[in-house]
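> Following this message is one structure expressed as structure tokens.
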Amino acid sequence: MLLRLRDAPYEQVLEEVTRPVEVKDVDPEDYRAAVERTDTTVITTDKDLESIIEERDFGRWKVFLHPTQKRLVTRRYSGPARVGGGPGTGKTIVALHRVKHLVDRLGPGNGKQILLTTFNKNLAADLRARLLALGGPETLARVEIAHVDQLATRVVREAEPGSAKSRIDDTRALNEWRQILLETGETKWDAEFLMDEWTQVILGQAVNSRADTSRRAGPDGAEASPAPTGPRSGS
């Protein structure tokens with residue numbers, strides 16, 4: 001629109017961009033038709049980007065890997081690696097292509113030897129669909145895609161078969177701490193402090209016994225030793 005303003009009066013451009021458009025029989029799932037209907041023109045000097053846009057194939061666009069990102073996919077890392085970037089910069093695409101790259105390097109087999117996790121429950125299904133489009137059923141069969149909380153729950157259940165423990169959220173856990181303080185008449189510590197000790201010290205530092213617990217400063221500067229233990233799962 002800014003380029004159009006260079007060549008035409010403001011009133012004319014305003015009329016053009018606000019003019020009602022009549023579209024009949026719109027299929028909200030037909031992305032190709034939507035692309036073909038648009039009057040938007042994408043201007044770029046990036047030939048690779050221009051090429052994929054001009055194909056007008058939304059399916060290919062969803063798994064498009066820019067050549068400048070390929071080095072992140074094929075690089076050999078000596079340990080954990082972190083890829084950062086803002087929304088829409090291609091982090092998910094890089095992860096999917098990295099997974100396919102690793103699958104291609106695997107030997108023959110049927111096991112799910114590669115794990116891809118996400119913090120978004122809805123994204124897990126989308127990742128499966130994209131990986132299927134990118135590498136086909138053979139690639140998808142070698143990869144486990146899971147929401148990280150579901151994976152953690154499964155690991156705990158497999159480690160303690162037959163256990164009656166169930167997962168609770170932070171709100172429920174905080175209420176449990178408050179109930180413990182109420183029942184014991186304890187007033188030196190508050191529930192929030194105990195919750196922080198439990199999550200950041202006991203769980204965060206994998207403390208398994210009182211002997212492993214370091215002395216911790218309380219909210220009034222006093223020391224709490226040993227750090228209290230308490231509920232993280234309900235029965």
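By convention in this document, the chains of the structure tokens carry letters A, B, ... by their order, each chain's residues are numbered from 1, and ligands are numbered from 1 in the order they are shown.
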Near Arg71 in chain A, within 12 Å and counting only C-alpha atoms, which residues show up once chain neighbours fewer than 2 positions away are dropped, as a PyMOL selection string?

chain A and resi 65-69+73-77+83+94+97-98+101

> Which residues, written as a list in words, have at least one atom at most 7 Å from Val143 in chain A, with only C-alpha atoms counted and residues fewer than 4 positions away on the same chain left out?

Lys112, Gln113, Ile114, Leu115 and Thr139 of chain A

> Do you know which residues are at most 10 Å from Arg178 in chain A counting only C-alpha atoms, after dropping those on the same chain fewer than 4 positions away, and could you put them as a PyMOL selection string?

chain A and resi 172-174+182-183+186+190-192+194-195

> Could you please take those selected residues and save N, CA and C atoms as a compact mmCIF listing (two decimals), in the first residue's frame?


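The new file selection-v7.txt reads:
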# COMPACT_ATOMS: atom_id res chain seq x y z
N ARG A 172 -2.70 -27.30 42.88
CA ARG A 172 -3.09 -28.35 43.82
C ARG A 172 -1.97 -28.61 44.83
N ALA A 173 -0.73 -28.61 44.37
CA ALA A 173 0.40 -28.85 45.27
C ALA A 173 0.50 -27.75 46.32
N LEU A 174 0.28 -26.49 45.91
CA LEU A 174 0.34 -25.38 46.86
C LEU A 174 -0.76 -25.50 47.91
N LEU A 182 -1.70 -26.04 58.09
CA LEU A 182 -2.89 -25.88 58.92
C LEU A 182 -3.02 -27.04 59.91
N GLU A 183 -2.77 -28.24 59.44
CA GLU A 183 -2.91 -29.43 60.28
C GLU A 183 -1.82 -29.51 61.35
N GLU A 186 2.06 -25.21 62.02
CA GLU A 186 3.35 -24.59 61.72
C GLU A 186 3.16 -23.16 61.22
N ASP A 190 5.83 -20.30 55.26
CA ASP A 190 4.56 -20.21 54.54
C ASP A 190 4.56 -21.22 53.40
N ALA A 191 3.39 -21.43 52.82
CA ALA A 191 3.23 -22.47 51.79
C ALA A 191 4.07 -22.18 50.56
N GLU A 192 4.17 -20.91 50.19
CA GLU A 192 4.94 -20.55 48.99
C GLU A 192 6.42 -20.89 49.16
N LEU A 194 7.71 -23.21 51.21
CA LEU A 194 7.85 -24.66 51.19
C LEU A 194 7.74 -25.21 49.77
N MET A 195 6.85 -24.62 48.99
CA MET A 195 6.69 -25.05 47.60
C MET A 195 7.97 -24.80 46.81

> Just give me the gap between CA of Leu102 in chain A and CA of Ala141 in chain A in Å, one decimal is fine.

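Distance reported for this atom pair: 13.0 Å.
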
> Please list as a ChimeraX atom specification every residue within 7 Å of Leu116 in chain A, counting only C-alpha atoms and excluding residues in the same chain fewer than 4 positions away.

/A:144-146

> Please produce a file of the residues just selected, as a JSON list (two decimals), in the first residue's frame, where the atoms kept are N, CA and C atoms.


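out-v8.json was written with the following content:
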[["chain", "number", "residue", "atom", "x", "y", "z"],
["A", 144, "GLU", "N", 9.30, -40.78, 17.90],
["A", 144, "GLU", "CA", 8.24, -40.60, 18.89],
["A", 144, "GLU", "C", 8.06, -39.11, 19.12],
["A", 145, "ILE", "N", 6.85, -38.62, 18.89],
["A", 145, "ILE", "CA", 6.53, -37.21, 19.10],
["A", 145, "ILE", "C", 5.58, -37.13, 20.28],
["A", 146, "ALA", "N", 5.98, -36.41, 21.33],
["A", 146, "ALA", "CA", 5.19, -36.42, 22.56],
["A", 146, "ALA", "C", 5.20, -35.06, 23.23]]

> Between CA of Gly136 in chain A and CA of Leu96 in chain A, measure the distance and give it in Å to one decimal.

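Rounded to one decimal, the two atoms are 12.3 Å apart.
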
> Between A:His147, A:Lys91, A:Arg32, A:Arg210, which one has atoms that come closest to Thr117 in chain A, using only C-alpha atoms?

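Distance minimum relative to Thr117 in chain A lands on A:His147.
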
> To test your reading of the structure, identify every residue in range 31-215 of chain A that backbone DSSP assigns to strand (DSSP E or B), and report it as a PyMOL selection string.

chain A and resi 114-118+143-147+166-167

> Just the number, please: distance in Å from CA of Leu123 in chain A to CA of Ala95 in chain A, one decimal.

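Interatomic distance here is 12.9 Å.
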
> From a backbone DSSP assignment, name each residue in range 21-189 of chain A labelled alpha helix (DSSP H), as a PyMOL selection string.

chain A and resi 31-37+47-55+58-61+70-74+91-105+121-140+148-159+170-184

> Taking into account only C-alpha atoms, which residue in the set A:Glu22, A:Ala206, A:Pro108, A:Gly90 is nearest to Leu72 in chain A?

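Result for the nearest residue to Leu72 in chain A: A:Gly90.
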